[in-house]
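**Q** Data: run_17.tsv, TSV, C-alpha atoms.
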```
chain	number	residue	atom	x	y	z
M	1	MET	CA	-68.85	33.68	-23.90
M	2	THR	CA	-69.30	35.26	-20.46
M	3	PHE	CA	-71.49	33.84	-17.71
M	4	ILE	CA	-74.02	36.64	-18.24
M	5	ASP	CA	-74.15	35.92	-21.97
M	6	GLN	CA	-74.87	32.26	-21.27
M	7	LEU	CA	-77.80	33.18	-19.03
M	8	ASN	CA	-79.62	34.35	-22.15
M	9	LYS	CA	-79.68	30.70	-23.23
M	10	VAL	CA	-81.45	29.63	-20.02
M	11	ILE	CA	-85.20	29.19	-19.58
M	12	VAL	CA	-86.96	28.07	-16.42
M	13	ALA	CA	-90.21	26.12	-16.75
M	14	VAL	CA	-92.92	26.85	-14.17
M	15	PRO	CA	-95.94	24.51	-14.35
M	16	THR	CA	-99.19	26.03	-13.10
M	17	TYR	CA	-102.66	24.90	-12.16
M	18	ASN	CA	-104.77	27.40	-10.25
M	19	GLU	CA	-101.76	29.55	-9.33
M	20	ARG	CA	-103.27	32.94	-10.18
M	21	GLU	CA	-102.43	34.35	-6.75
M	22	SER	CA	-98.83	33.23	-6.67
M	23	LEU	CA	-97.89	33.63	-10.35
M	24	PRO	CA	-97.11	37.38	-10.38
M	25	ILE	CA	-95.07	36.98	-7.21
M	26	ILE	CA	-92.90	34.14	-8.48
M	27	ILE	CA	-92.32	35.88	-11.84
M	28	ARG	CA	-91.28	39.09	-10.08
M	29	ARG	CA	-88.89	37.20	-7.83
M	30	ILE	CA	-87.29	35.38	-10.76
M	31	ARG	CA	-86.89	38.65	-12.62
M	32	GLN	CA	-85.23	40.30	-9.64
M	33	ALA	CA	-82.98	37.32	-8.89
M	34	VAL	CA	-81.74	36.48	-12.40
M	35	PRO	CA	-82.90	39.19	-14.87
M	36	PRO	CA	-81.40	37.76	-18.11
M	37	ILE	CA	-83.07	34.34	-18.10
M	38	HIS	CA	-86.31	33.46	-19.84
M	39	ILE	CA	-89.41	32.06	-18.11
M	40	LEU	CA	-91.85	29.51	-19.55
M	41	ILE	CA	-95.24	29.22	-17.85
M	42	VAL	CA	-96.86	25.84	-18.60
M	43	ASP	CA	-100.53	26.08	-17.68
M	44	ASP	CA	-102.83	23.04	-17.57
M	45	ALA	CA	-106.06	24.92	-18.40
M	46	SER	CA	-106.39	26.42	-14.90
M	47	PRO	CA	-110.05	27.26	-14.22
M	48	ASP	CA	-109.03	30.23	-12.05
M	49	GLY	CA	-107.61	32.13	-15.04
M	50	THR	CA	-103.91	31.54	-14.38
M	51	GLY	CA	-103.25	31.02	-18.09
M	52	GLU	CA	-104.96	34.25	-19.09
M	53	LEU	CA	-103.04	36.16	-16.45
M	54	ALA	CA	-99.80	34.65	-17.74
M	55	ASP	CA	-100.66	35.85	-21.26
M	56	ALA	CA	-101.27	39.37	-19.97
M	57	LEU	CA	-97.95	39.40	-18.12
M	58	ALA	CA	-96.14	38.04	-21.20
M	59	GLU	CA	-97.34	40.98	-23.27
M	60	LYS	CA	-95.20	43.22	-21.08
M	61	ASP	CA	-92.15	40.92	-20.85
M	62	GLU	CA	-90.45	39.60	-23.98
M	63	HIS	CA	-88.57	37.02	-21.92
M	64	LEU	CA	-91.82	35.51	-20.57
M	65	HIS	CA	-93.46	32.75	-22.62
M	66	VAL	CA	-96.66	30.77	-22.08
M	67	LEU	CA	-97.65	27.24	-23.07
M	68	HIS	CA	-101.35	26.40	-22.81
M	69	ARG	CA	-102.26	22.76	-22.33
M	70	SER	CA	-105.78	21.47	-22.88
M	71	ALA	CA	-106.25	19.71	-19.53
M	72	LYS	CA	-104.64	18.83	-16.24
M	73	GLU	CA	-102.46	15.82	-17.04
M	74	GLY	CA	-99.87	15.90	-14.29
M	75	LEU	CA	-96.41	17.27	-13.65
M	76	GLY	CA	-94.55	14.91	-15.97
M	77	PRO	CA	-96.39	15.72	-19.22
M	78	ALA	CA	-96.19	19.45	-18.43
M	79	TYR	CA	-92.42	19.34	-18.01
M	80	LEU	CA	-91.93	17.10	-21.05
M	81	HIS	CA	-93.88	19.63	-23.13
M	82	ALA	CA	-91.66	22.39	-21.75
M	83	PHE	CA	-88.47	20.43	-22.49
M	84	SER	CA	-89.54	19.84	-26.08
M	85	TRP	CA	-90.42	23.51	-26.51
M	86	ALA	CA	-87.06	24.59	-25.09
M	87	GLN	CA	-85.20	22.24	-27.44
M	88	GLN	CA	-87.00	23.58	-30.48
M	89	ALA	CA	-86.47	27.19	-29.38
M	90	GLY	CA	-82.70	26.68	-29.13
M	91	TYR	CA	-82.13	27.05	-25.38
M	92	GLN	CA	-79.07	25.39	-23.85
M	93	TRP	CA	-80.41	25.01	-20.32
M	94	VAL	CA	-83.91	24.48	-18.93
M	95	GLY	CA	-84.76	24.77	-15.26
M	96	GLN	CA	-87.65	23.58	-13.15
M	97	MET	CA	-89.31	25.64	-10.44
M	98	ASP	CA	-92.60	25.47	-8.53
M	99	ALA	CA	-95.00	28.37	-8.83
M	100	ASP	CA	-96.14	28.26	-5.22
M	101	GLY	CA	-93.04	29.81	-3.62
M	102	SER	CA	-91.57	26.53	-2.35
M	103	HIS	CA	-88.43	27.08	-4.42
M	104	ARG	CA	-86.60	30.32	-3.82
M	105	PRO	CA	-85.80	32.02	-7.15
M	106	GLU	CA	-83.00	33.83	-5.32
M	107	GLN	CA	-81.22	30.47	-5.02
M	108	PHE	CA	-81.54	29.55	-8.70
M	109	LEU	CA	-78.24	31.31	-9.32
M	110	ARG	CA	-76.58	28.55	-7.27
M	111	LEU	CA	-77.76	25.96	-9.78
M	112	LEU	CA	-76.74	28.12	-12.71
M	113	SER	CA	-73.27	28.77	-11.34
M	114	ARG	CA	-72.71	25.08	-10.62
M	115	ALA	CA	-73.85	24.12	-14.12
M	116	ILE	CA	-72.10	26.77	-16.18
M	117	LYS	CA	-68.98	27.71	-14.23
M	118	ALA	CA	-67.85	24.33	-12.86
M	119	PRO	CA	-65.12	22.50	-14.82
M	120	ASP	CA	-66.97	19.14	-14.67
M	121	GLN	CA	-69.91	20.68	-16.61
M	122	PRO	CA	-72.76	18.71	-15.04
M	123	GLU	CA	-75.73	17.91	-17.24
M	124	LEU	CA	-78.18	17.89	-14.35
M	125	VAL	CA	-77.99	20.08	-11.26
M	126	ILE	CA	-80.39	19.37	-8.41
M	127	GLY	CA	-81.32	21.90	-5.76
M	128	SER	CA	-81.10	19.59	-2.78
M	129	ARG	CA	-82.64	19.78	0.67
M	130	TRP	CA	-80.71	16.78	1.92
M	131	THR	CA	-77.15	17.60	0.93
M	132	ARG	CA	-74.83	19.44	3.30
M	133	GLY	CA	-76.14	22.99	3.76
M	134	GLY	CA	-79.65	22.17	2.50
M	135	ALA	CA	-82.73	22.74	4.65
M	136	VAL	CA	-86.52	22.87	4.81
M	137	ASN	CA	-88.55	25.68	6.28
M	138	GLY	CA	-92.02	25.35	7.76
M	139	TRP	CA	-92.22	21.55	7.66
M	140	ALA	CA	-93.49	19.44	10.53
M	141	ARG	CA	-90.92	17.01	11.89
M	142	HIS	CA	-92.84	13.98	10.64
M	143	ARG	CA	-92.84	15.28	7.06
M	144	GLU	CA	-89.10	15.83	7.12
M	145	LEU	CA	-88.58	12.30	8.42
M	146	LEU	CA	-90.84	10.93	5.68
M	147	SER	CA	-88.90	12.76	2.98
M	148	ARG	CA	-85.50	11.76	4.33
M	149	GLY	CA	-86.69	8.17	4.74
M	150	ALA	CA	-88.12	8.07	1.22
M	151	ASN	CA	-84.86	9.33	-0.28
M	152	THR	CA	-82.90	6.78	1.73
M	153	TYR	CA	-85.18	4.05	0.39
M	154	ILE	CA	-84.68	5.35	-3.17
M	155	ALA	CA	-80.92	5.38	-2.67
M	156	LEU	CA	-80.93	1.78	-1.45
M	157	TRP	CA	-83.05	0.47	-4.31
M	158	LEU	CA	-81.81	2.61	-7.21
M	159	GLY	CA	-78.30	3.72	-6.20
M	160	LEU	CA	-78.61	7.08	-7.97
M	161	GLY	CA	-75.79	8.71	-6.06
M	162	VAL	CA	-77.82	11.75	-5.01
M	163	GLY	CA	-79.29	12.75	-1.67
M	164	ASP	CA	-82.51	14.28	-2.98
M	165	ALA	CA	-83.84	12.32	-5.96
M	166	THR	CA	-87.36	13.66	-5.40
M	167	ALA	CA	-86.39	17.33	-5.63
M	168	GLY	CA	-88.22	19.47	-8.18
M	169	PHE	CA	-85.83	22.45	-8.21
M	170	ARG	CA	-83.54	21.51	-11.10
M	171	LEU	CA	-81.49	22.59	-14.10
M	172	TYR	CA	-80.93	20.37	-17.16
M	173	ARG	CA	-78.52	20.78	-20.04
M	174	VAL	CA	-80.88	20.55	-23.01
M	175	SER	CA	-78.49	18.35	-25.00
M	176	LEU	CA	-79.02	15.62	-22.37
M	177	PHE	CA	-82.61	15.10	-23.50
M	178	ASP	CA	-81.55	13.46	-26.75
M	179	ARG	CA	-79.68	10.80	-24.80
M	180	LEU	CA	-82.56	10.27	-22.38
M	181	ASP	CA	-85.15	9.70	-25.13
M	182	LEU	CA	-87.97	11.57	-23.43
M	183	SER	CA	-90.58	9.59	-25.37
M	184	LEU	CA	-89.87	6.71	-22.98
M	185	VAL	CA	-90.63	8.69	-19.80
M	186	ASN	CA	-93.80	7.26	-18.28
M	187	SER	CA	-94.35	9.04	-14.97
M	188	ALA	CA	-97.17	11.55	-14.96
M	189	GLY	CA	-96.85	12.91	-11.48
M	190	TYR	CA	-94.72	12.72	-8.37
M	191	CYS	CA	-92.41	9.94	-9.63
M	192	PHE	CA	-91.35	12.07	-12.60
M	193	GLN	CA	-88.39	13.56	-10.71
M	194	ILE	CA	-87.17	10.14	-9.63
M	195	GLU	CA	-87.55	8.66	-13.11
M	196	MET	CA	-85.66	11.54	-14.73
M	197	THR	CA	-82.82	11.17	-12.22
M	198	ARG	CA	-82.71	7.43	-12.82
M	199	ARG	CA	-82.66	7.81	-16.59
M	200	ALA	CA	-79.95	10.47	-16.40
M	201	ARG	CA	-77.81	8.19	-14.25
M	202	HIS	CA	-78.36	5.24	-16.60
M	203	VAL	CA	-77.00	7.17	-19.62
M	204	GLY	CA	-73.94	8.26	-17.66
M	205	ALA	CA	-74.92	11.90	-17.17
M	206	THR	CA	-72.89	14.00	-14.76
M	207	ILE	CA	-75.23	14.92	-11.87
M	208	ALA	CA	-74.47	17.51	-9.21
M	209	GLU	CA	-76.33	18.77	-6.15
M	210	VAL	CA	-76.27	22.20	-4.55
M	211	PRO	CA	-77.87	23.04	-1.19
M	212	ILE	CA	-81.14	24.97	-1.19
M	213	THR	CA	-83.79	25.86	1.37
M	214	PHE	CA	-87.23	24.49	0.57
M	215	ASP	CA	-90.08	26.59	1.96
M	216	GLU	CA	-93.51	25.22	2.69
M	217	ARG	CA	-95.82	26.55	0.01
M	218	GLU	CA	-97.00	30.12	0.56
M	219	HIS	CA	-100.34	29.68	-1.21
M	220	GLY	CA	-102.81	26.79	-1.34
M	221	VAL	CA	-102.76	23.48	0.49
M	222	SER	CA	-100.26	20.64	0.24
M	223	LYS	CA	-101.61	17.48	-1.42
M	224	MET	CA	-99.08	15.16	0.20
M	225	SER	CA	-100.56	12.06	1.84
M	226	GLY	CA	-99.58	8.61	3.01
M	227	ASN	CA	-101.13	7.10	-0.13
M	228	ILE	CA	-98.91	9.22	-2.38
M	229	ILE	CA	-95.82	8.14	-0.49
M	230	THR	CA	-96.81	4.47	-0.64
M	231	GLU	CA	-97.53	4.68	-4.36
M	232	ALA	CA	-94.17	6.35	-5.06
M	233	LEU	CA	-92.14	3.86	-3.05
M	234	THR	CA	-93.97	0.96	-4.69
M	235	GLN	CA	-92.91	2.31	-8.07
M	236	VAL	CA	-89.33	2.73	-6.85
M	237	THR	CA	-89.34	-0.91	-5.74
M	238	LYS	CA	-90.45	-2.00	-9.23
M	239	TRP	CA	-87.70	0.05	-10.85
M	240	GLY	CA	-85.19	-1.36	-8.39
M	241	MET	CA	-86.22	-4.91	-9.25
M	242	VAL	CA	-85.79	-4.18	-12.97
M	243	ASP	CA	-82.33	-2.71	-12.31
M	244	ARG	CA	-81.30	-5.72	-10.22
M	245	TYR	CA	-82.58	-8.06	-12.94
M	246	THR	CA	-80.63	-6.13	-15.57
M	247	GLN	CA	-77.45	-6.30	-13.49
M	248	LEU	CA	-77.88	-10.04	-13.00
M	249	LYS	CA	-78.42	-10.63	-16.70
M	250	ARG	CA	-75.30	-8.66	-17.53
M	251	LEU	CA	-73.27	-10.68	-15.06
M	252	LEU	CA	-74.58	-13.87	-16.64
M	253	GLY	CA	-74.06	-12.57	-20.17
M	254	VAL	CA	-77.75	-12.87	-21.04
M	255	GLN	CA	-79.58	-10.21	-23.08
M	256	HIS	CA	-81.95	-8.10	-20.99
M	257	THR	CA	-85.56	-8.27	-22.17
M	258	VAL	CA	-87.66	-6.56	-19.48
M	259	LYS	CA	-89.33	-3.47	-20.93
M	260	GLU	CA	-89.58	-0.25	-18.97
M	261	GLY	CA	-93.24	0.09	-19.90
M	262	ALA	CA	-93.99	-3.10	-18.05
M	263	VAL	CA	-93.25	-1.43	-14.74
M	264	ALA	CA	-94.34	2.10	-15.56
M	265	GLY	CA	-96.52	3.79	-13.00
M	266	SER	CA	-98.14	7.07	-12.19
M	267	CYS	CA	-97.41	9.05	-9.06
M	268	HIS	CA	-99.15	12.16	-7.81
M	269	ARG	CA	-97.78	15.66	-8.17
M	270	ARG	CA	-96.07	17.03	-5.09
M	271	THR	CA	-92.61	17.26	-3.61
M	272	LEU	CA	-91.79	14.62	-1.03
```
Can you present the structure in this file as structure tokens?
**A**
Amino acid sequence: MTFIDQLNKVIVAVPTYNERESLPIIIRRIRQAVPPIHILIVDDASPDGTGELADALAEKDEHLHVLHRSAKEGLGPAYLHAFSWAQQAGYQWVGQMDADGSHRPEQFLRLLSRAIKAPDQPELVIGSRWTRGGAVNGWARHRELLSRGANTYIALWLGLGVGDATAGFRLYRVSLFDRLDLSLVNSAGYCFQIEMTRRARHVGATIAEVPITFDEREHGVSKMSGNIITEALTQVTKWGMVDRYTQLKRLLGVQHTVKEGAVAGSCHRRTL
């Protein structure tokens, strides 16, 4: 099967909430960048009519699909719904991309090439700002330092072996989801990306990073705040303590009994 043939088994999930202005733009850019792939819009009952617009666009594009959710529940549940839908529909790969223009669709081919063409066949490819060649565009210096510092903190506590665990520009091999047991994923918002990376690492998944340029959102206002960062790093600390406890128990030959749900938390939606 050729690379182009395999692209027909790829779908990229784009969660939306009040993205009516940016939606046609991001769909057009995806179509121009990687024409064969499918697109799945996951709308959380946007009051601005984003879902209805997505339906209208899907009527003219057989590779565009729309999932309507009943309420705004956060990034995690939206992506989990998309992953389940992709599994049932028979796709082999499912990507993640923001609707606001932060992720460049033109760079999605980098993730696809790394996933499909590379001999190590990674199960998760992360579009990374903080690997060699990665960059951010339009960020204030303090925000870049916060993001780099947060990812350093995550690396120290969780040891995930990636430079950008908080990145939302991703590509998963769908078969990985069975090993992850998505029913156990607890994060509703910002921490979702970290939790998915952690779970992938824990089941021995092959994870790769490719450099991308992250652009400050073209539409709307960023929701990032100091409280969101504090909440996320608090959750990372809890996960890190569970992992350390597990490692200690294994060294001592004692069965591990701490349940993931006991340290589950909710983090806000936004890329740090």
**Q** Could you give me, as a Markdown table, every segment 105-177 of chain M residue with an atom at most 9 Å from segment 182-198 of chain M, plus its closest atom pair and distance in Å to one decimal, counting all atoms listed in the file, rows ordered by chain then number?
**A**
```
| residue | atom | partner | partner_atom | distance |
| --- | --- | --- | --- | --- |
| M:Leu124 | CA | M:Thr197 | CA | 8.4 |
| M:Ile154 | CA | M:Ile194 | CA | 8.4 |
| M:Leu158 | CA | M:Arg198 | CA | 7.5 |
| M:Gly159 | CA | M:Arg198 | CA | 8.8 |
| M:Leu160 | CA | M:Arg198 | CA | 6.4 |
| M:Val162 | CA | M:Thr197 | CA | 8.8 |
| M:Ala165 | CA | M:Ile194 | CA | 5.4 |
| M:Thr166 | CA | M:Gln193 | CA | 5.4 |
| M:Ala167 | CA | M:Gln193 | CA | 6.6 |
| M:Gly168 | CA | M:Gln193 | CA | 6.4 |
| M:Phe177 | CA | M:Leu182 | CA | 6.4 |
```
**Q** Adding 4 Å on each side of the box along x, y and z that holds all listed atoms of segment 37-51 of chain M, could you give its centre and edge lengths in Å to one decimal, as JSON?
**A**
```
{"center_x": -96.6, "center_y": 28.7, "center_z": -15.9, "size_x": 35.0, "size_y": 19.3, "size_z": 15.8}
```
**Q** Atom CA of Ala135 of chain M and atom CA of Ala208 of chain M are how many Å apart?
**A**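 So the answer is 17.0 Å.
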**Q** Measure the distance from atom CA of Arg132 of chain M to atom CA of Phe214 of chain M in Å and round it to one decimal.
**A**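 Taking atom CA of Arg132 of chain M and atom CA of Phe214 of chain M, their separation equals 13.7 Å.
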**Q** Find the distance between atom CA of Asp215 of chain M and atom CA of Ile39 of chain M and write it in Å to one decimal.
**A**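 Taking atom CA of Asp215 of chain M and atom CA of Ile39 of chain M, their separation equals 20.8 Å.
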**Q** Please determine, counting only C-alpha atoms, which residue among M:Thr50, M:Thr131, M:Asn18, M:Gln88 has the shortest atom-to-atom distance to Val174 of chain M.
**A** M:Gln88
**Q** List as a list in words the protein and nucleic acid residues near Arg129 of chain M, meaning an atom at most 9 Å away when all atoms listed in the file are counted, but skip any in the same chain fewer than 4 places from it.
**A**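 With the cut-off at 9 Å, the set is Gly133, Gly134, Ala135, Val136, Gly163, Asp164, Ala167, Val210, Pro211, Ile212, Thr213 and Phe214 of chain M.
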**Q** Hey, which of M:Ala99, M:Leu67, M:Ala56, M:Ile229 ends up closest to Glu21 of chain M? Count all atoms listed in the file.
**A** M:Ala99
**Q** Have a look at M:Thr237, M:Gln32, M:Ser22, M:Ser102 and name the one nearest to Tyr153 of chain M; count all atoms listed in the file.
**A**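 The answer is M:Thr237, which sits nearest to Tyr153 of chain M.
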**Q** So which residues fall inside 7 Å of (-97.5, 32.1, -20.6) if we count all atoms listed in the file? Mind giving them as a CSV table (one decimal) with C-alpha atoms, in the frame of the given file?
**A**
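The result, written out as point.csv:
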```csv
chain,number,residue,atom,x,y,z
M,40,LEU,CA,-91.8,29.5,-19.6
M,41,ILE,CA,-95.2,29.2,-17.8
M,42,VAL,CA,-96.9,25.8,-18.6
M,51,GLY,CA,-103.2,31.0,-18.1
M,54,ALA,CA,-99.8,34.6,-17.7
M,55,ASP,CA,-100.7,35.8,-21.3
M,58,ALA,CA,-96.1,38.0,-21.2
M,64,LEU,CA,-91.8,35.5,-20.6
M,65,HIS,CA,-93.5,32.8,-22.6
M,66,VAL,CA,-96.7,30.8,-22.1
M,67,LEU,CA,-97.6,27.2,-23.1
```
**Q** Find, counting all atoms listed in the file, the residue in M:Gln235, M:Asn137, M:Ser175, M:Thr152 that gets nearest to Gln87 of chain M.
**A** M:Ser175
**Q** Given the choices M:Gly161, M:Ala115, M:Asp43, M:Ser128, which gets closest to Arg148 of chain M if the distance is worked out from only C-alpha atoms?
**A**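 Answer, going by the shortest atom-to-atom distance: M:Ser128.
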**Q** Ranking M:Ala118, M:Ala82, M:Leu53, M:Ala13 by minimum distance to Ile207 of chain M and counting all atoms listed in the file, which one comes first?
**A**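 Checking each of M:Ala118, M:Ala82, M:Leu53, M:Ala13 against Ile207 of chain M, counting all atoms listed in the file, the winner is M:Ala118.
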**Q** Please output segment 226-249 of chain M, rebuilt to include N, CA, C and O atoms, as a PDB file, in the coordinates of the input.
**A**
```
ATOM      1  N   GLY M 226    -100.215   9.904   2.872  1.00  0.00           N
ATOM      2  CA  GLY M 226     -99.580   8.610   3.010  1.00  0.00           C
ATOM      3  C   GLY M 226     -99.744   7.751   1.769  1.00  0.00           C
ATOM      4  O   GLY M 226     -98.844   6.981   1.405  1.00  0.00           O
ATOM      5  N   ASN M 227    -100.889   7.878   1.083  1.00  0.00           N
ATOM      6  CA  ASN M 227    -101.130   7.100  -0.130  1.00  0.00           C
ATOM      7  C   ASN M 227    -100.147   7.470  -1.237  1.00  0.00           C
ATOM      8  O   ASN M 227     -99.671   6.613  -1.987  1.00  0.00           O
ATOM      9  N   ILE M 228     -99.850   8.769  -1.362  1.00  0.00           N
ATOM     10  CA  ILE M 228     -98.910   9.220  -2.380  1.00  0.00           C
ATOM     11  C   ILE M 228     -97.531   8.650  -2.116  1.00  0.00           C
ATOM     12  O   ILE M 228     -96.834   8.195  -3.030  1.00  0.00           O
ATOM     13  N   ILE M 229     -97.124   8.672  -0.853  1.00  0.00           N
ATOM     14  CA  ILE M 229     -95.820   8.140  -0.490  1.00  0.00           C
ATOM     15  C   ILE M 229     -95.741   6.648  -0.792  1.00  0.00           C
ATOM     16  O   ILE M 229     -94.770   6.156  -1.377  1.00  0.00           O
ATOM     17  N   THR M 230     -96.784   5.915  -0.410  1.00  0.00           N
ATOM     18  CA  THR M 230     -96.810   4.470  -0.640  1.00  0.00           C
ATOM     19  C   THR M 230     -96.744   4.156  -2.129  1.00  0.00           C
ATOM     20  O   THR M 230     -96.004   3.265  -2.566  1.00  0.00           O
ATOM     21  N   GLU M 231     -97.514   4.899  -2.919  1.00  0.00           N
ATOM     22  CA  GLU M 231     -97.530   4.680  -4.360  1.00  0.00           C
ATOM     23  C   GLU M 231     -96.147   4.932  -4.961  1.00  0.00           C
ATOM     24  O   GLU M 231     -95.664   4.165  -5.800  1.00  0.00           O
ATOM     25  N   ALA M 232     -95.488   6.013  -4.523  1.00  0.00           N
ATOM     26  CA  ALA M 232     -94.170   6.350  -5.060  1.00  0.00           C
ATOM     27  C   ALA M 232     -93.142   5.287  -4.711  1.00  0.00           C
ATOM     28  O   ALA M 232     -92.358   4.857  -5.564  1.00  0.00           O
ATOM     29  N   LEU M 233     -93.131   4.843  -3.464  1.00  0.00           N
ATOM     30  CA  LEU M 233     -92.140   3.860  -3.050  1.00  0.00           C
ATOM     31  C   LEU M 233     -92.402   2.494  -3.677  1.00  0.00           C
ATOM     32  O   LEU M 233     -91.460   1.726  -3.916  1.00  0.00           O
ATOM     33  N   THR M 234     -93.659   2.199  -3.959  1.00  0.00           N
ATOM     34  CA  THR M 234     -93.970   0.960  -4.690  1.00  0.00           C
ATOM     35  C   THR M 234     -93.368   1.004  -6.080  1.00  0.00           C
ATOM     36  O   THR M 234     -92.786   0.025  -6.562  1.00  0.00           O
ATOM     37  N   GLN M 235     -93.490   2.160  -6.744  1.00  0.00           N
ATOM     38  CA  GLN M 235     -92.910   2.310  -8.070  1.00  0.00           C
ATOM     39  C   GLN M 235     -91.391   2.211  -8.022  1.00  0.00           C
ATOM     40  O   GLN M 235     -90.767   1.587  -8.889  1.00  0.00           O
ATOM     41  N   VAL M 236     -90.791   2.807  -7.007  1.00  0.00           N
ATOM     42  CA  VAL M 236     -89.330   2.730  -6.850  1.00  0.00           C
ATOM     43  C   VAL M 236     -88.902   1.271  -6.691  1.00  0.00           C
ATOM     44  O   VAL M 236     -87.891   0.842  -7.265  1.00  0.00           O
ATOM     45  N   THR M 237     -89.662   0.502  -5.930  1.00  0.00           N
ATOM     46  CA  THR M 237     -89.340  -0.910  -5.740  1.00  0.00           C
ATOM     47  C   THR M 237     -89.367  -1.655  -7.068  1.00  0.00           C
ATOM     48  O   THR M 237     -88.491  -2.480  -7.360  1.00  0.00           O
ATOM     49  N   LYS M 238     -90.362  -1.359  -7.914  1.00  0.00           N
ATOM     50  CA  LYS M 238     -90.450  -2.000  -9.230  1.00  0.00           C
ATOM     51  C   LYS M 238     -89.245  -1.652 -10.084  1.00  0.00           C
ATOM     52  O   LYS M 238     -88.650  -2.521 -10.732  1.00  0.00           O
ATOM     53  N   TRP M 239     -88.883  -0.360 -10.090  1.00  0.00           N
ATOM     54  CA  TRP M 239     -87.700   0.050 -10.850  1.00  0.00           C
ATOM     55  C   TRP M 239     -86.453  -0.646 -10.317  1.00  0.00           C
ATOM     56  O   TRP M 239     -85.593  -1.075 -11.082  1.00  0.00           O
ATOM     57  N   GLY M 240     -86.353  -0.715  -8.993  1.00  0.00           N
ATOM     58  CA  GLY M 240     -85.190  -1.360  -8.390  1.00  0.00           C
ATOM     59  C   GLY M 240     -85.084  -2.819  -8.780  1.00  0.00           C
ATOM     60  O   GLY M 240     -83.987  -3.328  -9.043  1.00  0.00           O
ATOM     61  N   MET M 241     -86.230  -3.500  -8.850  1.00  0.00           N
ATOM     62  CA  MET M 241     -86.220  -4.910  -9.250  1.00  0.00           C
ATOM     63  C   MET M 241     -85.783  -5.063 -10.702  1.00  0.00           C
ATOM     64  O   MET M 241     -85.037  -5.978 -11.049  1.00  0.00           O
ATOM     65  N   VAL M 242     -86.229  -4.149 -11.569  1.00  0.00           N
ATOM     66  CA  VAL M 242     -85.790  -4.180 -12.970  1.00  0.00           C
ATOM     67  C   VAL M 242     -84.283  -3.957 -13.048  1.00  0.00           C
ATOM     68  O   VAL M 242     -83.574  -4.646 -13.796  1.00  0.00           O
ATOM     69  N   ASP M 243     -83.763  -2.995 -12.286  1.00  0.00           N
ATOM     70  CA  ASP M 243     -82.330  -2.710 -12.310  1.00  0.00           C
ATOM     71  C   ASP M 243     -81.525  -3.897 -11.801  1.00  0.00           C
ATOM     72  O   ASP M 243     -80.474  -4.238 -12.369  1.00  0.00           O
ATOM     73  N   ARG M 244     -82.004  -4.549 -10.748  1.00  0.00           N
ATOM     74  CA  ARG M 244     -81.300  -5.720 -10.220  1.00  0.00           C
ATOM     75  C   ARG M 244     -81.308  -6.846 -11.260  1.00  0.00           C
ATOM     76  O   ARG M 244     -80.312  -7.554 -11.446  1.00  0.00           O
ATOM     77  N   TYR M 245     -82.445  -7.025 -11.914  1.00  0.00           N
ATOM     78  CA  TYR M 245     -82.580  -8.060 -12.940  1.00  0.00           C
ATOM     79  C   TYR M 245     -81.610  -7.781 -14.087  1.00  0.00           C
ATOM     80  O   TYR M 245     -80.938  -8.692 -14.588  1.00  0.00           O
ATOM     81  N   THR M 246     -81.532  -6.519 -14.489  1.00  0.00           N
ATOM     82  CA  THR M 246     -80.630  -6.130 -15.570  1.00  0.00           C
ATOM     83  C   THR M 246     -79.176  -6.418 -15.189  1.00  0.00           C
ATOM     84  O   THR M 246     -78.393  -6.941 -15.990  1.00  0.00           O
ATOM     85  N   GLN M 247     -78.813  -6.061 -13.953  1.00  0.00           N
ATOM     86  CA  GLN M 247     -77.450  -6.300 -13.490  1.00  0.00           C
ATOM     87  C   GLN M 247     -77.126  -7.783 -13.478  1.00  0.00           C
ATOM     88  O   GLN M 247     -76.029  -8.198 -13.877  1.00  0.00           O
ATOM     89  N   LEU M 248     -78.087  -8.593 -13.039  1.00  0.00           N
ATOM     90  CA  LEU M 248     -77.880 -10.040 -13.000  1.00  0.00           C
ATOM     91  C   LEU M 248     -77.693 -10.604 -14.400  1.00  0.00           C
ATOM     92  O   LEU M 248     -76.804 -11.426 -14.643  1.00  0.00           O
ATOM     93  N   LYS M 249     -78.529 -10.154 -15.322  1.00  0.00           N
ATOM     94  CA  LYS M 249     -78.420 -10.630 -16.700  1.00  0.00           C
ATOM     95  C   LYS M 249     -77.071 -10.266 -17.309  1.00  0.00           C
ATOM     96  O   LYS M 249     -76.476 -11.052 -18.054  1.00  0.00           O
TER      97      LYS M 249
END
```
